[in-house]
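Student: Mind looking over this structure? Questions follow.
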Amino acid sequence: LNNNSKSYTLGYLAEYVGAELTGSRDCVITHVATLESANEGKISFLANPAYRKQLSKTQASAVLLLKSDLPECKTNALVVENPYYAYARIAKLFENIPLANPGIHPSAVISNTATLHPTCSIGPFCYIGDDVSVGEGSVIGPNCVIDNSVKIGKQVHLWSHVTLYFQTEIGDRVVIHSGAVIGADGFGFAFERGSWHKVPQLGKVSIAADVDIGANTAIDRGALGDTIIEQGVKIDNLVQIAHNVRIGAHTVIAGCVGIAGSTVIGKYCAIGGASCIGGHLTITDKVQFTGMSMVTGSITKPGIYSSGTGIEPNLSWRKNAARFRGLDELFRQVQRIDKQFSKDKEEL
Amino acid sequence: LNNNSKSYTLGYLAEYVGAELTGSRDCVITHVATLESANEGKISFLANPAYRKQLSKTQASAVLLLKSDLPECKTNALVVENPYYAYARIAKLFENIPLANPGIHPSAVISNTATLHPTCSIGPFCYIGDDVSVGEGSVIGPNCVIDNSVKIGKQVHLWSHVTLYFQTEIGDRVVIHSGAVIGADGFGFAFERGSWHKVPQLGKVSIAADVDIGANTAIDRGALGDTIIEQGVKIDNLVQIAHNVRIGAHTVIAGCVGIAGSTVIGKYCAIGGASCIGGHLTITDKVQFTGMSMVTGSITKPGIYSSGTGIEPNLSWRKNAARFRGLDELFRQVQRIDKQFSKDKEEL
Amino acid sequence: LNNNSKSYTLGYLAEYVGAELTGSRDCVITHVATLESANEGKISFLANPAYRKQLSKTQASAVLLLKSDLPECKTNALVVENPYYAYARIAKLFENIPLANPGIHPSAVISNTATLHPTCSIGPFCYIGDDVSVGEGSVIGPNCVIDNSVKIGKQVHLWSHVTLYFQTEIGDRVVIHSGAVIGADGFGFAFERGSWHKVPQLGKVSIAADVDIGANTAIDRGALGDTIIEQGVKIDNLVQIAHNVRIGAHTVIAGCVGIAGSTVIGKYCAIGGASCIGGHLTITDKVQFTGMSMVTGSITKPGIYSSGTGIEPNLSWRKNAARFRGLDELFRQVQRIDKQFSKDKEEL
């Protein structure tokens with residue numbers, strides 16, 4: 001897994017995450033691991049109650065946990081208020097992502113009018129167009145295409161094969177994974193005399209600071225006005241965000257989601273995987289959709305929403321799904337029976 | 001937005017789109033904008049009745065509209081029969097997509113046997129294989145891979161990171177956005193002695209003129225015979241089109257749609273986002289599927305079709321979705337009650 | 001289609017696939033084709049009973065078929081136990097995929113510490129990082145990015161624009177189509193003080209031998225521990241596989257499927273297109289999901305499972321879908337009526 005040679009004393013780690021330490025300050029930690037797989041030298045964490053039963057049996061040298069879970073812990077413990085967050089910070093110490101070399105790879109093709117901060121790194125086979133700017137410490141991985149007038153902030157990390165169409169704006173500390181396409185044309189066509197005619201997509205994509213974007217995700221430029229991803233939004237792989245969508249700050253969007261044009265999604269929402277949100281809708285703040293939700297109307301009240309039906313054996317499903325087409329008629333039939341039944345009783 | 005320096009008189013624009021002008025011929029237009037955001041120097045349009053209430057309040061210098069909307073208009077008006085199409089044509093005047101330089105970028109790797117029209121543009125880091133032909137005025141963006149025997153027509157625009165597998169045929173004026181993959185193997189495997197064995201995919205992909213293809217879309221080559229996209233088809237981002245599918249002329253396919261193998265879709269259809277169409281089906285002309293439709297059978301009658309259930313609060317959804325599994329039983333129960341009820345009444 | 005100049009006698013082909021030949025050993029076969037489109041010189045096959053009615057009318061020079069279909073065959077026949085598999089083997093003889101030149105393209109950028117077998121082929125504009133190894137006969141197509149410490153086995157074929165993040169392991173004979181991204185970060189964030197914080201993804205992706213992966217598919221690296229694709233798994237285009245998923249040997253996954261984190265799928269499963277499988281689930285061996293299934297719970301029993309409702313005309317769908325939200329109430333109403341009805345009858 002993480003075959004590095006980093007090691008920290010538990011005392012150091014406790015101080016680093018602001019934890020209350022129970023046990024040995026001098027215990028040496030060399031790796032992170034799950035409660036189930038951890039053994040000597042490894043630190044684990046308990047954040048999801050579903051794993052609580054593994055706490056007493058873990059072979060980890062230390063565990064990050066809530067005060068309330070401390071009594072069950074038989075090894076060294078770091079008591080914190082948010083074990084998952086504390087784990088994330090400690091895991092970061094053990095991460096060994098390959099470091100990009102600062103500087104411009106000689107194979108890259110860079111416009112004379114681009115402004116690249118001297119500390120940034122431009123990988124092999126990158127194309128960087130006219131009037132592009134790239135900020136301090138940003139890393140552009142191999143085979144990226146950055147078209148004219150793109151603005152990239154500081155400490156940004158584009159992995160490989162990322163495409164940023166012209167005029168795209170990328171805030172500080174944004175991470176974009178391989179194959180993502182930002183700023184392609186929105187899907188706009190006008191019908192006239194038997195065929196579809198392109199509607200120019202004159203807006204751009206604007207992505208605020210601290211946004212993460214997953215592999216092969218596509219975010220289209222605006223038609224008139226921009227497509228906007230606000231600060232801290234996290235977007236998973238293979239997500240489609242259409243033109244003129246606005247995603248509110250700190251919203252998370254799981255894989256395979258599609259969001260149609262001009263829809264506005266609030267802050268702190270959570271969109272479950274493969275959900276599909278129609279166009280021209282407004283979703284208020286703190287709305288959560290479970291996976292595969294079909295959203296065809298606006299939502300004005302925070303809360304958890306769902307749609308669809310879960311799997312069942314194919315044989316019974318065939319019968320039930322066929323019945324669905326008669327559902328309205330069934331309701332009418334039951335109402336009729338109910339009414340007649342009540343009437344008959346009165347008559348009796 | 002579109003910070004160009006282009007400007008046109010309203011008189012010029014009226015003539016350009018064949019509009020009847022009401023107001024000042026000399027009014028200078030420098031931008032396009034929505035009714036809501038427009039102000040002086042901007043032309044807007046009213047095409048969607050949902051925005052009619054913004055017409056009387058718009059600060060636009062001019063509006064493209066239907067004759068029937070003219071009475072509500074308090075600014076200069078261009079009366080046309082298709083305001084959205086007229087808008088598209090005017091917006092095109094204000095578009096400023098970066099122009100590709102004609103010629104072959106020195107970094108591109110081009111087979112000696114490729115035939116490239118002298119007016120075409122080949123971007124940096126493109127690979128162009130044996131016996132490829134590229135027509136007049138076509139633009140191949142950076143980092144595209146065009147494998148052997150591909151034929152590309154005139155005025156085609158491939159953005160960046162487009163892959164065309166060997167033998168793919170691309171008609172005139174086709175636009176393909178970044179990351180699209182055309183001609184990868186169809187998903188065909190034969191099961192034998194405990195494992196799956198590749199079935200060679202011997203067909204190709206043939207794309208007619210005036211087709212648009214979105215970012216990260218995949219269209220597989222045929223197994224036997226070809227996968228065919230007819231003229232004027234418009235395909236959005238992240239769409240999957242399997243082997244031997246045929247899409248009829250002028251059909252539009254929204255984002256995240258999946259179409260399984262050997263299905264034939266008619267002309268002038270509209271496939272809503274995230275719809276999933278099974279294999280070996282035939283969908284007639286002028287069929288429309290709303291978003292997230294699950295299509296498991298052929299369709300012989302034009303019209304609008306839908307499936308699925310919309311979102312509701314998670315708490316009530318859990319109850320309703322659980323009940324779905326008892327739907328067939330409920331129908332039987334109601335029939336039984338109804339029959340018994342009628343019988344009892346007769347007996348009374 | 002397959003405009004090659006290969007030809008084989010039927011006698012040779014019979015021996016090659018171990019078939020019992022009925023007809024002329026000397027008949028010359030130059031192409032493969034469907035029953036419907038085949039004519040002289042072409043061999044076809046009958047594997048799907050739906051096409052049986054085409055057998056007696058085919059103009060093919062020979063047909064691969066089951067013994068039970070032989071009586072209906074009016075041309076030369078090769079009787080085999082698995083016609084589709086035998087067809088796949090014969091089609092392979094007629095395949096003419098462009099061959100990659102062995103050796104390293106001069107434009108490729110290769111780390112000094114990479115170990116490339118002398119028989120392998122590295123295409124133009126490939127980047128190959130530190131400590132990468134590539135085995136005998138493997139082909140890396142144009143514009144691929146292979147990051148540090150990736151291990152690639154023998155006879156592997158990466159088409160173009162494939163990204164392998166650091167530490168990814170690829171078994172022998174794996175095929176990966178264009179645009180696939182293997183090893184990007186899993187979607188893990190911890191919430192603290194109003195925003196989401198990255199949880200380092202310390203695992204890798206491990207792909208066993210004989211796996212096929214489709215275009216633009218994404219498979220994320222593990223958070224702690226690895227994401228594992230076992231031997232012989234076949235994955236179609238635009239599939240999303242999240243961190244720490246394990247896919248059992250010889251399972252097939254159709255296009256547009258999404259599988260959420262930490263889910264374990266058994267061997268010999270078949271996941272229909274656009275299905276969505278929730279996180280932390282366990283699916284046993286030999287489970288089949290029909291297309292667009294929504295899987296929210298674990299499955300312990302092999303079999304075919306389904307969910308959702310099929311399309312119907314939009315007008316009736318609107319009524320039925322609206323009724324879905326009252327389904328639980330309807331069940332209660334019917335139970336009440338039924339109970340009261342029975343009680344009344346007793347009282348009578």
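Chain labels follow the order of the structure tokens: the first chain is A, the next B, and so on; residue numbering restarts at 1 in every chain, and ligands are counted from 1 in their shown order.
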Select from chain C every residue with an atom at most 8 Å from any atom of chain B, then for each give the shortest pair of atoms and their distance in Å to one decimal, using only C-alpha atoms, rows by chain and rising number, as JSON lines.

Tutor:
```
{"residue": "C:Leu1", "atom": "CA", "partner": "B:Gly203", "partner_atom": "CA", "distance": 5.8}
{"residue": "C:Asn2", "atom": "CA", "partner": "B:Leu202", "partner_atom": "CA", "distance": 6.4}
{"residue": "C:Val32", "atom": "CA", "partner": "B:Leu224", "partner_atom": "CA", "distance": 7.8}
{"residue": "C:Ala33", "atom": "CA", "partner": "B:Leu224", "partner_atom": "CA", "distance": 6.2}
{"residue": "C:Thr34", "atom": "CA", "partner": "B:Leu224", "partner_atom": "CA", "distance": 6.8}
{"residue": "C:Asn82", "atom": "CA", "partner": "B:Glu192", "partner_atom": "CA", "distance": 7.6}
{"residue": "C:Tyr84", "atom": "CA", "partner": "B:Ala190", "partner_atom": "CA", "distance": 6.0}
{"residue": "C:Tyr85", "atom": "CA", "partner": "B:Ala190", "partner_atom": "CA", "distance": 5.1}
{"residue": "C:Tyr87", "atom": "CA", "partner": "B:Val199", "partner_atom": "CA", "distance": 7.9}
{"residue": "C:Ala88", "atom": "CA", "partner": "B:Val199", "partner_atom": "CA", "distance": 4.6}
{"residue": "C:Arg89", "atom": "CA", "partner": "B:Val199", "partner_atom": "CA", "distance": 7.6}
{"residue": "C:Ala91", "atom": "CA", "partner": "B:Pro200", "partner_atom": "CA", "distance": 6.0}
{"residue": "C:Lys92", "atom": "CA", "partner": "B:Pro200", "partner_atom": "CA", "distance": 5.7}
{"residue": "C:Glu95", "atom": "CA", "partner": "B:Leu202", "partner_atom": "CA", "distance": 6.3}
{"residue": "C:Ile97", "atom": "CA", "partner": "B:Phe166", "partner_atom": "CA", "distance": 7.8}
{"residue": "C:Pro98", "atom": "CA", "partner": "B:Asn148", "partner_atom": "CA", "distance": 6.9}
{"residue": "C:Pro124", "atom": "CA", "partner": "B:Tyr127", "partner_atom": "CA", "distance": 7.1}
{"residue": "C:Phe125", "atom": "CA", "partner": "B:Phe125", "partner_atom": "CA", "distance": 6.5}
{"residue": "C:Pro142", "atom": "CA", "partner": "B:Val145", "partner_atom": "CA", "distance": 6.9}
{"residue": "C:Asn143", "atom": "CA", "partner": "B:Asn143", "partner_atom": "CA", "distance": 7.1}
{"residue": "C:Ser160", "atom": "CA", "partner": "B:Val145", "partner_atom": "CA", "distance": 7.1}
{"residue": "C:His161", "atom": "CA", "partner": "B:His161", "partner_atom": "CA", "distance": 7.3}
{"residue": "C:His177", "atom": "CA", "partner": "B:Ala184", "partner_atom": "CA", "distance": 6.6}
{"residue": "C:Ser178", "atom": "CA", "partner": "B:Val181", "partner_atom": "CA", "distance": 6.6}
{"residue": "C:Gly179", "atom": "CA", "partner": "B:Gly179", "partner_atom": "CA", "distance": 6.8}
{"residue": "C:Gly214", "atom": "CA", "partner": "B:Ala184", "partner_atom": "CA", "distance": 7.8}
{"residue": "C:Ala215", "atom": "CA", "partner": "B:Ala218", "partner_atom": "CA", "distance": 6.6}
{"residue": "C:Asn216", "atom": "CA", "partner": "B:Asn216", "partner_atom": "CA", "distance": 6.7}
{"residue": "C:Gly232", "atom": "CA", "partner": "B:Ser195", "partner_atom": "CA", "distance": 6.6}
{"residue": "C:Lys234", "atom": "CA", "partner": "B:Trp196", "partner_atom": "CA", "distance": 7.9}
{"residue": "C:Asp236", "atom": "CA", "partner": "B:Phe187", "partner_atom": "CA", "distance": 6.1}
{"residue": "C:Asn237", "atom": "CA", "partner": "B:Gln240", "partner_atom": "CA", "distance": 7.0}
{"residue": "C:Leu238", "atom": "CA", "partner": "B:Gln240", "partner_atom": "CA", "distance": 7.0}
{"residue": "C:His250", "atom": "CA", "partner": "B:Ser195", "partner_atom": "CA", "distance": 6.0}
{"residue": "C:Ala254", "atom": "CA", "partner": "B:Phe187", "partner_atom": "CA", "distance": 7.8}
{"residue": "C:Gly255", "atom": "CA", "partner": "B:Gln240", "partner_atom": "CA", "distance": 7.0}
{"residue": "C:Cys256", "atom": "CA", "partner": "B:Gly258", "partner_atom": "CA", "distance": 6.7}
{"residue": "C:Gly273", "atom": "CA", "partner": "B:Gly258", "partner_atom": "CA", "distance": 7.5}
{"residue": "C:Ala274", "atom": "CA", "partner": "B:Cys276", "partner_atom": "CA", "distance": 6.8}
{"residue": "C:Gly291", "atom": "CA", "partner": "B:Gly278", "partner_atom": "CA", "distance": 7.5}
{"residue": "C:Met292", "atom": "CA", "partner": "B:Cys276", "partner_atom": "CA", "distance": 7.1}
{"residue": "C:Gly308", "atom": "CA", "partner": "B:Gly308", "partner_atom": "CA", "distance": 6.3}
{"residue": "C:Thr309", "atom": "CA", "partner": "B:Gly308", "partner_atom": "CA", "distance": 5.5}
{"residue": "C:Gly310", "atom": "CA", "partner": "B:Met294", "partner_atom": "CA", "distance": 5.4}
{"residue": "C:Ile311", "atom": "CA", "partner": "B:Ser307", "partner_atom": "CA", "distance": 4.3}
{"residue": "C:Glu312", "atom": "CA", "partner": "B:Tyr305", "partner_atom": "CA", "distance": 5.3}
{"residue": "C:Pro313", "atom": "CA", "partner": "B:Tyr305", "partner_atom": "CA", "distance": 4.4}
{"residue": "C:Asn314", "atom": "CA", "partner": "B:Tyr305", "partner_atom": "CA", "distance": 4.6}
{"residue": "C:Trp317", "atom": "CA", "partner": "B:Ser306", "partner_atom": "CA", "distance": 6.3}
{"residue": "C:Ala321", "atom": "CA", "partner": "B:Thr309", "partner_atom": "CA", "distance": 5.2}
{"residue": "C:Ala322", "atom": "CA", "partner": "B:Thr309", "partner_atom": "CA", "distance": 7.7}
{"residue": "C:Phe324", "atom": "CA", "partner": "B:Asn320", "partner_atom": "CA", "distance": 6.8}
{"residue": "C:Arg325", "atom": "CA", "partner": "B:Asn320", "partner_atom": "CA", "distance": 6.4}
{"residue": "C:Gly326", "atom": "CA", "partner": "B:Asn320", "partner_atom": "CA", "distance": 7.2}
{"residue": "C:Leu327", "atom": "CA", "partner": "B:Asn320", "partner_atom": "CA", "distance": 5.3}
{"residue": "C:Asp328", "atom": "CA", "partner": "B:Asn320", "partner_atom": "CA", "distance": 5.0}
{"residue": "C:Phe331", "atom": "CA", "partner": "B:Leu330", "partner_atom": "CA", "distance": 7.2}
{"residue": "C:Val334", "atom": "CA", "partner": "B:Val334", "partner_atom": "CA", "distance": 7.1}
{"residue": "C:Asp338", "atom": "CA", "partner": "B:Ile337", "partner_atom": "CA", "distance": 6.9}
```

Student: If you measure from CA of Lys67 in chain A to CA of Gly41 in chain A, what distance in Å do you get, rounded to one decimal?

Tutor: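 CA of Lys67 in chain A sits 22.2 Å away from CA of Gly41 in chain A.
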
Student: When you count only C-alpha atoms, which of these residues is closest to Asn112 in chain C: C:Ser133, C:Leu99, C:Thr9, C:Thr58?

Tutor: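 Answer, going by the shortest atom-to-atom distance: C:Ser133.
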
Student: Enumerate the residues of range 16-194 of chain B with a DSSP assignment of strand (DSSP E or B), computed from the backbone, and present them as an MDAnalysis selection string.

Tutor: chainID B and resid 20:22 28:29 31:32 42:45 62:65 76:79 103:104 109:110 115:116 121:122 127:128 133:134 139:140 145:146 151:152 157:158 163:164 169:170 175:176 181:184 189:192

Student: Name the residues in contact with Ala50 in chain A at a cut-off of 12 Å, using only C-alpha atoms, excluding same-chain residues fewer than 4 positions from it; report them as a list of chain:residue names.

Tutor: A:Leu35, A:Leu46, A:Gln54, A:Leu55, C:His280

Student: Let's have the selection written as a short mmCIF file (atom, residue, chain, number, x, y, z; two decimals), in the first residue's frame, with all heavy atoms.

Tutor:
```
data_model
loop_
_atom_site.label_atom_id
_atom_site.label_comp_id
_atom_site.auth_asym_id
_atom_site.auth_seq_id
_atom_site.Cartn_x
_atom_site.Cartn_y
_atom_site.Cartn_z
N LEU A 35 -9.64 -0.58 10.66
CA LEU A 35 -9.66 -1.30 11.93
C LEU A 35 -9.41 -2.78 11.71
O LEU A 35 -8.69 -3.44 12.47
CB LEU A 35 -11.02 -1.12 12.62
CG LEU A 35 -11.27 0.23 13.27
CD1 LEU A 35 -12.72 0.32 13.73
CD2 LEU A 35 -10.32 0.45 14.45
N LEU A 46 -12.31 5.21 13.89
CA LEU A 46 -13.70 4.76 13.95
C LEU A 46 -14.60 5.97 13.74
O LEU A 46 -14.72 6.83 14.61
CB LEU A 46 -14.00 4.10 15.31
CG LEU A 46 -15.47 3.72 15.52
CD1 LEU A 46 -15.98 2.82 14.40
CD2 LEU A 46 -15.66 3.03 16.86
N GLN A 54 -15.78 -3.65 15.40
CA GLN A 54 -14.39 -4.03 15.13
C GLN A 54 -13.40 -3.37 16.09
O GLN A 54 -12.23 -3.75 16.11
CB GLN A 54 -14.02 -3.65 13.68
CG GLN A 54 -14.86 -4.38 12.63
CD GLN A 54 -14.49 -4.00 11.22
OE1 GLN A 54 -13.64 -3.14 11.01
NE2 GLN A 54 -15.13 -4.63 10.24
N LEU A 55 -13.90 -2.40 16.87
CA LEU A 55 -12.98 -1.61 17.69
C LEU A 55 -12.25 -2.46 18.73
O LEU A 55 -11.02 -2.39 18.88
CB LEU A 55 -13.74 -0.46 18.38
CG LEU A 55 -12.92 0.42 19.32
CD1 LEU A 55 -11.72 1.02 18.60
CD2 LEU A 55 -13.80 1.52 19.91
N HIS C 280 -20.99 -0.27 -0.32
CA HIS C 280 -20.89 -1.17 0.83
C HIS C 280 -21.85 -2.36 0.75
O HIS C 280 -22.31 -2.86 1.76
CB HIS C 280 -21.13 -0.39 2.14
CG HIS C 280 -20.11 0.67 2.39
ND1 HIS C 280 -18.95 0.45 3.06
CD2 HIS C 280 -20.06 1.97 2.00
CE1 HIS C 280 -18.24 1.57 3.11
NE2 HIS C 280 -18.89 2.51 2.47
#
```

Student: Report as an MDAnalysis selection string: the residues of range 12-115 of chain C with a DSSP assignment of helix (DSSP H, G or I), based on the backbone of this structure.

Tutor: chainID C and resid 12:17 49:54 67:72 83:94

Student: Near Ser61 in chain A, counting only C-alpha atoms, which residues have an atom at most 10 Å away, once you skip same-chain residues fewer than 6 positions from it, shown as a list in words?

Tutor: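 The filter keeps Leu10, Gly23, Ser24, Cys27, Val28, Ile29, Thr30, His31, Val32, Ala38, Asn39, Glu40, Gly41, Lys42, Ile43, Ser44, Lys74, Thr75, Asn76 and Ala77 of chain A.
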
Student: Work out how far CA of Leu66 in chain C is from CA of Lys53 in chain C, in Å to one decimal.

Tutor: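 Atom-to-atom, CA of Lys53 in chain C to CA of Leu66 in chain C, that is 14.3 Å.
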
Student: Separation of CA of Ala62 in chain C and CA of Ser262 in chain B, in Å?

Tutor: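 Computing the Euclidean distance for CA of Ala62 in chain C and CA of Ser262 in chain B yields 23.2 Å.
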
Student: Need to verify the contact set: range 100-105 of chain C, 7 Å, only C-alpha atoms, exclusion of same-chain residues closer than 3 positions in sequence. Can you return it as a PyMOL selection string?

Tutor: chain C and resi 108+118-124+139

Student: Which one is closest to Ile90 in chain B: B:Ile228, B:Val287, B:Leu70, B:Leu78? Count only C-alpha atoms.

Tutor: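 Distance minimum relative to Ile90 in chain B lands on B:Leu78.
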